[in-house]
$ cat entry_14.txt   # compact mmCIF, C-alpha atoms
# COMPACT_ATOMS: atom_id res chain seq x y z
CA MET A 815 -14.54 11.44 15.99
CA THR A 816 -15.68 12.05 12.47
CA ALA A 817 -13.43 9.44 11.01
CA ASP A 818 -13.44 8.03 7.52
CA ALA A 819 -14.19 11.24 5.66
CA PRO A 820 -12.39 11.07 2.34
CA LEU A 821 -9.31 13.21 1.73
CA VAL A 822 -10.82 14.28 -1.55
CA PRO A 823 -14.57 14.53 -1.88
CA ALA A 824 -15.97 11.93 -4.23
CA GLY A 825 -16.99 13.32 -7.58
CA PRO A 826 -17.77 12.19 -11.09
CA GLY A 827 -15.20 9.72 -12.34
CA LEU A 828 -13.85 9.09 -8.86
CA PRO A 829 -14.03 5.74 -7.15
CA PRO A 830 -16.21 5.62 -4.07
CA ALA A 831 -14.25 6.40 -0.93
CA VAL A 832 -13.46 3.22 0.95
CA SER A 833 -14.01 3.26 4.67
CA GLU A 834 -10.77 3.05 6.62
CA ARG A 835 -11.95 -0.12 8.27
CA ASN A 836 -12.27 -1.84 4.92
CA LEU A 837 -8.80 -0.99 3.68
CA ALA A 838 -6.93 -4.12 2.79
CA LEU A 839 -4.22 -4.89 5.32
CA VAL A 840 -1.77 -5.76 2.54
CA ASP A 841 -2.16 -2.28 1.04
CA LEU A 842 -1.51 -0.73 4.44
CA LEU A 843 1.56 -2.89 4.97
CA ASP A 844 2.93 -1.92 1.55
CA ARG A 845 2.78 1.70 2.63
CA LEU A 846 3.36 1.81 6.38
CA LEU A 847 6.17 -0.72 6.57
CA ALA A 848 7.91 0.14 3.31
CA GLY A 849 6.94 3.80 2.88
CA GLY A 850 6.86 6.80 5.12
CA VAL A 851 9.77 8.94 6.20
CA VAL A 852 12.57 6.68 7.34
CA ILE A 853 14.33 8.14 10.32
CA ALA A 854 16.44 6.00 12.52
CA GLY A 855 14.75 6.64 15.82
CA GLU A 856 16.55 5.82 18.99
CA ILE A 857 14.68 2.62 19.25
CA THR A 858 15.66 1.40 15.90
CA LEU A 859 13.90 -1.40 14.21
CA SER A 860 16.10 -2.07 11.27
CA ILE A 861 14.40 -1.87 7.92
CA ALA A 862 15.38 -5.45 7.22
CA ASP A 863 13.46 -6.60 10.29
CA ILE A 864 10.38 -4.69 9.23
CA ASP A 865 10.51 -6.13 5.75
CA LEU A 866 10.72 -9.62 7.19
CA VAL A 867 7.57 -8.94 9.16
CA ARG A 868 5.86 -7.70 6.06
CA ILE A 869 6.86 -10.69 4.02
CA SER A 870 5.84 -13.20 6.64
CA LEU A 871 2.53 -11.45 7.19
CA ARG A 872 1.77 -11.40 3.50
CA ALA A 873 2.49 -15.09 3.35
CA MET A 874 0.29 -15.68 6.35
CA ILE A 875 -2.62 -13.80 4.83
CA ALA A 876 -2.22 -15.81 1.65
CA SER A 877 -2.24 -19.12 3.46
CA VAL A 878 -5.24 -18.18 5.58
CA ARG A 879 -7.20 -17.26 2.50
CA ALA A 880 -6.19 -20.45 0.76
CA ALA A 881 -7.36 -22.47 3.76
CA LEU A 882 -10.68 -20.65 3.85
CA ASP A 883 -11.19 -20.98 0.14
CA PRO A 884 -9.94 -24.30 -1.22
CA VAL A 885 -10.92 -23.34 -4.78
CA GLU A 886 -8.65 -20.32 -4.66
CA GLY A 887 -5.94 -22.41 -3.03
CA ALA A 888 -6.14 -24.91 -5.85
CA ARG A 889 -5.90 -22.14 -8.44
CA GLU A 890 -2.79 -20.84 -6.81
CA ASN A 891 -1.21 -24.23 -7.13
CA GLY A 892 -1.99 -24.23 -10.81
CA GLU A 893 -4.54 -27.00 -10.54
CA PRO A 894 -7.53 -26.97 -12.82
CA VAL A 895 -10.72 -26.04 -11.02
CA MET B 971 4.15 13.17 37.47
CA SER B 972 6.67 10.64 38.66
CA ALA B 973 3.84 8.20 39.26
CA HIS B 974 3.30 7.94 35.52
CA PRO B 975 4.88 4.95 33.84
CA PRO B 976 7.84 5.86 31.61
CA THR B 977 7.00 6.54 27.99
CA ASN B 978 8.61 6.76 24.58
CA THR B 979 7.67 9.20 21.83
CA TRP B 980 6.01 7.57 18.82
CA LEU B 981 6.02 9.83 15.76
CA TYR B 982 3.09 9.87 13.32
CA VAL B 983 3.67 12.77 10.94
CA ILE B 984 5.81 15.78 10.31
CA THR B 985 3.90 18.86 9.29
CA GLU B 986 4.09 22.65 9.19
CA ALA B 987 5.05 24.53 12.33
CA GLY B 988 2.21 25.43 14.61
CA ARG B 989 -0.08 22.53 13.72
CA SER B 990 -1.78 20.70 16.52
CA ALA B 991 -3.69 17.45 16.62
CA PRO B 992 -7.46 17.57 16.87
CA PRO B 993 -8.67 16.69 20.34
CA GLY B 994 -10.06 13.20 20.60
CA LEU B 995 -7.70 11.67 18.06
CA THR B 996 -5.78 8.83 19.68
CA GLY B 997 -2.80 6.76 18.63
CA VAL B 998 -1.41 3.24 18.67
CA ALA B 999 -1.61 2.95 22.45
CA GLY B 1000 -4.91 4.82 22.69
CA GLU B 1001 -2.87 7.84 23.80
CA PRO B 1002 -3.77 11.46 22.98
CA LEU B 1003 -1.51 13.24 20.52
CA HIS B 1004 0.74 16.18 21.15
CA ALA B 1005 3.00 18.42 19.12
CA VAL B 1006 6.79 18.25 19.18
CA SER B 1007 8.08 21.53 17.80
CA GLY B 1008 11.20 22.11 15.82
CA PRO B 1009 12.32 25.11 13.78
CA GLY B 1010 9.68 25.58 11.06
CA LEU B 1011 8.34 22.07 11.51
CA THR B 1012 6.13 20.21 13.92
CA ALA B 1013 5.94 16.49 14.55
CA LEU B 1014 2.70 15.08 15.89
CA ALA B 1015 3.47 12.38 18.37
CA GLY B 1016 2.11 10.20 21.12
CA ALA B 1017 3.60 9.24 24.47
CA VAL B 1018 3.44 5.44 24.50
CA PRO B 1019 4.29 3.26 27.50
CA ARG B 1020 7.75 1.72 27.41
CA SER B 1021 6.34 -1.49 28.77
CA ASP B 1022 4.77 -2.10 25.35
CA PHE B 1023 6.70 0.24 23.08
CA ASP B 1024 10.34 -0.23 23.84
CA GLU B 1025 12.67 -2.11 21.55
CA GLY B 1026 12.16 -5.55 23.07
CA PRO B 1027 8.38 -5.39 23.46
CA VAL B 1028 7.89 -3.94 19.97
CA ARG B 1029 9.98 -6.70 18.43
CA THR B 1030 7.89 -9.28 20.21
CA HIS B 1031 4.64 -7.58 19.25
CA LEU B 1032 5.63 -7.40 15.60
CA GLU B 1033 5.40 -11.17 15.43
CA ASP B 1034 1.84 -11.02 16.65
CA ALA B 1035 -0.35 -10.51 13.60
CA VAL B 1036 -3.32 -9.33 15.65
CA TRP B 1037 -1.24 -6.71 17.49
CA LEU B 1038 0.42 -5.62 14.27
CA GLU B 1039 -2.85 -5.19 12.41
CA HIS B 1040 -4.35 -3.16 15.24
CA ALA B 1041 -1.27 -0.93 15.50
CA VAL B 1042 -0.93 -0.48 11.74
CA ARG B 1043 -4.57 0.56 11.45
CA ALA B 1044 -4.24 2.91 14.44
CA HIS B 1045 -1.13 4.55 12.99
CA HIS B 1046 -2.86 4.95 9.64
CA HIS B 1047 -5.98 6.36 11.25
CA VAL B 1048 -3.93 9.14 12.85
CA VAL B 1049 -1.98 9.87 9.67
CA SER B 1050 -5.01 9.93 7.38
CA SER B 1051 -7.04 12.05 9.83
CA LEU B 1052 -4.25 14.63 9.97
CA ALA B 1053 -3.73 14.53 6.20
CA ARG B 1054 -7.26 15.80 5.64
CA THR B 1055 -6.49 19.23 6.96
CA ALA B 1056 -2.81 19.85 6.23
CA PRO B 1057 0.09 18.52 4.20
CA VAL B 1058 1.75 15.82 6.26
CA LEU B 1059 4.80 13.65 5.83
CA PRO B 1060 3.86 10.28 7.27
CA LEU B 1061 6.57 8.58 9.26
CA ARG B 1062 7.29 4.94 8.77
CA PHE B 1063 5.57 2.68 11.24
CA ALA B 1064 7.36 2.42 14.61
CA VAL B 1065 9.74 5.39 14.67
CA LEU B 1066 10.31 5.86 18.41
CA TYR B 1067 12.33 8.31 20.48
CA ARG B 1068 13.17 8.24 24.15
CA ASP B 1069 11.49 11.58 24.69
CA ASP B 1070 10.22 14.69 22.94
CA GLN B 1071 13.51 16.56 23.32
CA ARG B 1072 15.35 14.00 21.28
CA ALA B 1073 12.63 13.94 18.62
CA ALA B 1074 12.86 17.76 18.46
CA ALA B 1075 16.62 17.49 18.03
CA MET B 1076 16.05 15.21 15.03
CA LEU B 1077 13.66 17.81 13.52
CA MET B 1078 16.37 20.42 13.92
CA GLU B 1079 19.06 18.22 12.46
CA ARG B 1080 17.07 17.15 9.39
CA ARG B 1081 15.14 20.33 8.95
CA ASP B 1082 16.17 21.07 5.36
CA GLU B 1083 15.41 17.71 3.81
CA LEU B 1084 12.16 17.34 5.75
CA THR B 1085 11.01 20.81 4.71
CA ALA B 1086 11.80 20.01 1.08
CA ALA B 1087 9.95 16.71 1.32
CA LEU B 1088 6.94 18.40 2.88
CA ARG B 1089 6.85 21.00 0.14
CA ARG B 1090 6.98 18.33 -2.44
CA ILE B 1091 3.86 16.51 -1.24
CA ALA B 1092 1.84 19.65 -0.43
CA GLY B 1093 -1.39 19.74 -2.45
CA ARG B 1094 -0.85 16.20 -3.68
CA VAL B 1095 -2.32 12.87 -2.73
CA GLU B 1096 -1.35 9.30 -3.40
CA TRP B 1097 -3.50 6.94 -5.45
CA GLY B 1098 -2.91 3.24 -5.81
CA VAL B 1099 -3.66 1.51 -9.08
CA LYS B 1100 -3.40 -2.25 -9.34
CA ALA B 1101 -3.72 -4.28 -12.48
CA TYR B 1102 -4.81 -7.89 -12.53
CA LEU B 1103 -4.94 -10.33 -15.37
CA GLY B 1104 -8.49 -9.90 -16.62
CA PRO B 1105 -10.97 -12.72 -16.26
CA ALA B 1106 -10.08 -15.04 -19.11
CA ASP B 1107 -12.58 -15.72 -21.86
CA PRO B 1108 -13.44 -19.38 -21.78
CA PRO B 1109 -11.04 -20.75 -24.37
CA PRO B 1110 -12.76 -22.54 -27.22
CA ASP B 1111 -12.14 -26.22 -26.86
CA VAL B 1112 -12.76 -27.22 -30.45
CA ASP B 1113 -10.13 -25.23 -32.34
CA GLY B 1114 -8.78 -27.06 -35.37
CA GLY B 1115 -10.24 -30.24 -34.08
CA ASP B 1116 -11.84 -31.51 -37.25
CA PRO B 1117 -11.33 -35.27 -36.98
CA ARG B 1118 -11.59 -35.73 -40.76
CA GLN B 1119 -8.26 -33.93 -41.20
CA ASP B 1120 -6.50 -36.42 -39.01
CA PRO B 1121 -8.24 -39.75 -39.01
CA SER B 1122 -5.66 -41.26 -36.68
CA THR B 1123 -6.54 -38.83 -33.89
CA ARG B 1124 -7.85 -40.69 -30.93
CA PRO B 1125 -10.06 -38.97 -28.42
CA GLY B 1126 -7.34 -39.03 -25.74
CA THR B 1127 -4.74 -37.45 -28.01
CA ALA B 1128 -7.16 -34.81 -29.17
CA TYR B 1129 -7.92 -33.94 -25.58
CA LEU B 1130 -4.24 -33.52 -24.74
CA LEU B 1131 -3.63 -31.39 -27.81
CA ARG B 1132 -6.53 -29.15 -26.92
CA ARG B 1133 -5.21 -28.81 -23.41
CA GLN B 1134 -1.77 -27.92 -24.69
CA ALA B 1135 -3.16 -25.33 -27.06
CA ARG B 1136 -5.23 -23.83 -24.26
CA HIS B 1137 -2.16 -23.62 -22.04
CA ARG B 1138 -0.23 -21.84 -24.74
CA ARG B 1139 -3.03 -19.33 -25.26
CA GLN B 1140 -3.19 -18.67 -21.53
CA GLU B 1141 0.55 -18.10 -21.35
CA GLN B 1142 0.44 -15.74 -24.30
CA ALA B 1143 -2.45 -13.84 -22.75
CA HIS B 1144 -0.55 -13.56 -19.47
CA GLN B 1145 2.58 -12.24 -21.19
CA GLN B 1146 0.54 -9.77 -23.21
CA ALA B 1147 -1.24 -8.58 -20.08
CA ALA B 1148 2.07 -8.14 -18.23
CA ASN B 1149 3.32 -5.93 -21.08
CA ASP B 1150 0.07 -3.98 -21.02
CA ALA B 1151 0.38 -3.48 -17.25
CA LEU B 1152 3.77 -1.86 -17.81
CA ARG B 1153 2.17 0.45 -20.38
CA VAL B 1154 -0.53 1.35 -17.87
CA HIS B 1155 2.15 2.25 -15.32
CA THR B 1156 4.05 4.36 -17.83
CA ALA B 1157 0.90 6.20 -18.88
CA LEU B 1158 -0.23 6.85 -15.30
CA ALA B 1159 3.25 7.99 -14.30
CA ARG B 1160 2.91 10.66 -16.98
CA SER B 1161 -0.32 11.88 -15.34
CA ALA B 1162 1.37 12.00 -11.93
CA ALA B 1163 4.01 14.09 -10.26
CA SER B 1164 5.79 10.94 -9.19
CA ALA B 1165 5.23 7.20 -9.41
CA VAL B 1166 6.52 4.03 -7.77
CA CYS B 1167 5.78 0.33 -8.02
CA HIS B 1168 5.22 -1.67 -4.86
CA PRO B 1169 6.00 -5.38 -4.95
CA LEU B 1170 3.23 -7.44 -6.50
CA GLN B 1171 0.93 -8.95 -3.91
CA GLN B 1172 0.43 -12.68 -3.86
CA SER B 1173 -2.78 -13.88 -5.35
CA GLY B 1174 -4.04 -15.26 -2.03
CA ALA B 1175 -3.47 -11.98 -0.20
CA THR B 1176 -5.40 -9.85 -2.66
CA GLY B 1177 -8.71 -11.68 -2.62
CA SER B 1178 -8.45 -11.92 -6.39
CA ALA B 1179 -8.05 -15.26 -8.08
CA GLU B 1180 -6.26 -13.60 -10.97
CA PRO B 1181 -2.58 -12.76 -10.67
CA MET B 1182 -1.57 -9.16 -9.96
CA LEU B 1183 0.54 -7.56 -12.67
CA LEU B 1184 0.97 -4.04 -11.32
CA ASN B 1185 0.90 -2.56 -7.82
CA GLY B 1186 1.54 1.10 -8.59
CA ALA B 1187 1.37 4.23 -6.46
CA TYR B 1188 1.00 7.69 -7.99
CA LEU B 1189 1.45 11.10 -6.44
CA VAL B 1190 -1.23 13.26 -8.01
CA GLU B 1191 -1.99 16.97 -7.75
CA GLN B 1192 -5.23 17.29 -5.86
CA THR B 1193 -6.55 19.59 -8.56
CA LEU B 1194 -5.80 16.95 -11.22
CA THR B 1195 -7.55 14.09 -9.43
CA ALA B 1196 -10.43 13.88 -11.88
CA ALA B 1197 -8.08 13.85 -14.86
CA PHE B 1198 -6.06 11.05 -13.26
CA HIS B 1199 -9.16 8.94 -12.81
CA GLU B 1200 -10.25 9.62 -16.36
CA ALA B 1201 -6.86 8.32 -17.43
CA VAL B 1202 -7.46 5.12 -15.43
CA VAL B 1203 -10.86 4.64 -17.06
CA ALA B 1204 -9.41 5.24 -20.52
CA LEU B 1205 -6.62 2.73 -19.87
CA SER B 1206 -9.02 0.04 -18.73
CA THR B 1207 -10.89 0.48 -22.01
CA ARG B 1208 -7.67 0.42 -23.99
CA PHE B 1209 -6.43 -2.76 -22.30
CA PRO B 1210 -9.42 -5.08 -21.92
CA GLY B 1211 -7.11 -7.95 -20.94
CA LEU B 1212 -6.48 -6.19 -17.61
CA ARG B 1213 -8.69 -5.46 -14.66
CA LEU B 1214 -7.67 -2.19 -12.98
CA GLU B 1215 -8.41 -1.40 -9.37
CA THR B 1216 -7.92 2.01 -7.75
CA THR B 1217 -7.29 2.60 -4.04
CA GLY B 1218 -7.02 5.89 -2.23
CA PRO B 1219 -6.66 8.68 -1.73
CA TRP B 1220 -3.76 7.79 0.56
CA PRO B 1221 -1.55 10.11 2.55
CA PRO B 1222 1.69 10.22 0.54
CA TYR B 1223 3.31 7.21 2.23
CA SER B 1224 5.02 6.05 -0.93
CA PHE B 1225 6.57 9.43 -1.72
CA THR B 1226 8.32 10.43 1.46
CA ALA B 1227 11.57 8.55 1.21
CA VAL B 1228 13.71 11.48 2.30
CA SER B 1229 16.99 9.86 1.46
CA ASP B 1230 16.23 9.03 -2.17
CA PHE B 1231 13.83 11.87 -2.77
CA GLY B 1232 13.37 13.07 -6.30
CA GLY B 1233 14.43 9.83 -7.87
CA ASP B 1234 11.84 7.55 -9.35
CA PRO B 1235 12.64 3.88 -9.58
CA PRO B 1236 13.43 2.51 -13.02

$ encode --input "entry_14.txt" --output "structure tokens"
Amino acid sequence: MTADAPLVPAGPGLPPAVSERNLALVDLLDRLLAGGVVIAGEITLSIADIDLVRISLRAMIASVRAALDPVEGARENGEPV
Amino acid sequence: MSAHPPTNTWLYVITEAGRSAPPGLTGVAGEPLHAVSGPGLTALAGAVPRSDFDEGPVRTHLEDAVWLEHAVRAHHHVVSSLARTAPVLPLRFAVLYRDDQRAAAMLMERRDELTAALRRIAGRVEWGVKAYLGPADPPPDVDGGDPRQDPSTRPGTAYLLRRQARHRRQEQAHQQAANDALRVHTALARSAASAVCHPLQQSGATGSAEPMLLNGAYLVEQTLTAAFHEAVVALSTRFPGLRLETTGPWPPYSFTAVSDFGGDPP
């Protein structure tokens, strides 16, 4: 597959196209779990459930990053670095 | 045929009638895609095994961050691949039907609003613009600290006063930047056909130490893409207290809410 081609060719004044693989998961979650056409399929996952997943995943990403980067973790807690 | 395990129909996008998926493109279960046809509309879908993609299994999987990330990226890969060649309405993640017939019945039933939504995003793409509090200038630590003006000042007191003053300046800068971020959103919304704000992402999730002040999404005419980006550049010059970050182009995920279509949030 020729994946990762940009939707709009890059040009002057345009940001470089980001490879799909490097898209931030949080940005994807903002869009895929909160956006998109909402149709109650037959196997319905209620929107509230999906939002809970999104929220918990965001929190998880935040805590993983804080654990990996104690400086950032400290900043988040308002501590001087 | 009966030897095949039972499947559900996972929907990726709704697009114009007659569209088909490029061969080789695979979905969340690694399955090939197929078209589900309705009157004037086509949904591109995948047949996913019920053992993994029925209500119970999906609920369980959703709690598994590794599974979720893989599936979210796979769904997006399909949607963005299809969006390159035709206007598509992305479906929300995990819209599942028992079979193609029932998905086709939904296309029939909601034909008018889906057609209107598809028309609305045709020729347009979504851009994300985030604003962060800009990297702070190192605050001067010696403001007004002439000891001759206040001979009673002890070093400890002076230190605390400086700290307090620095705190106040930081708070003022933050408030100013938050106001500026709102101005950025208003200005970009004017350059866009439609605009929404996603919830702000937590500092730890963004990879940025600075707090996020805007998480905007803008539906922009493809032909006006360059002008939109010029507007972003101009705004980052106008508001040096902010750091702006652009993502995209995205398929129009944030502009497909069929039920509240046409209404922008306050």

$ atom_distance --input "entry_14.txt" --atom1 "atom CA of B:His974" --atom2 "atom CA of B:Asp1024"
15.9 Å

$ residues_around --input "entry_14.txt" --residues "stretch 1155-1164 of chain B" --least-positions-apart "6" --cutoff "10 Å" --atoms "only C-alpha atoms" --output "PyMOL selection string"
chain B and resi 1090-1091+1094-1097+1099-1101+1184-1191+1194-1195+1197-1199+1201-1202+1205+1224-1225+1232-1235

$ atom_distance --input "entry_14.txt" --atom1 "atom CA of B:Leu1088" --atom2 "atom CA of B:Pro1057"
7.0 Å

$ interface_residues --input "entry_14.txt" --of "chain B" --to "chain A" --cutoff "6 Å" --atoms "only C-alpha atoms" --output "short mmCIF file (atom, residue, chain, number, x, y, z; two decimals) with C-alpha atoms, in the coordinates of the input"
data_model
loop_
_atom_site.label_atom_id
_atom_site.label_comp_id
_atom_site.auth_asym_id
_atom_site.auth_seq_id
_atom_site.Cartn_x
_atom_site.Cartn_y
_atom_site.Cartn_z
CA GLU B 1025 12.67 -2.11 21.55
CA ARG B 1054 -7.26 15.80 5.64
CA PRO B 1060 3.86 10.28 7.27
CA LEU B 1061 6.57 8.58 9.26
CA ARG B 1062 7.29 4.94 8.77
CA PHE B 1063 5.57 2.68 11.24
CA VAL B 1065 9.74 5.39 14.67
CA LEU B 1066 10.31 5.86 18.41
CA TYR B 1067 12.33 8.31 20.48
CA GLY B 1174 -4.04 -15.26 -2.03
CA ALA B 1175 -3.47 -11.98 -0.20
CA TYR B 1223 3.31 7.21 2.23
CA SER B 1224 5.02 6.05 -0.93
CA THR B 1226 8.32 10.43 1.46
CA ALA B 1227 11.57 8.55 1.21
#

$ atom_distance --input "entry_14.txt" --atom1 "atom CA of B:Arg1213" --atom2 "atom CA of B:Ala1165"
19.5 Å

$ closest_residue --input "entry_14.txt" --among "B:Tyr1102, B:Ala1196, B:Leu1130, B:Leu1084" --to "B:Ser1173" --atoms "all atoms listed in the file"
B:Tyr1102
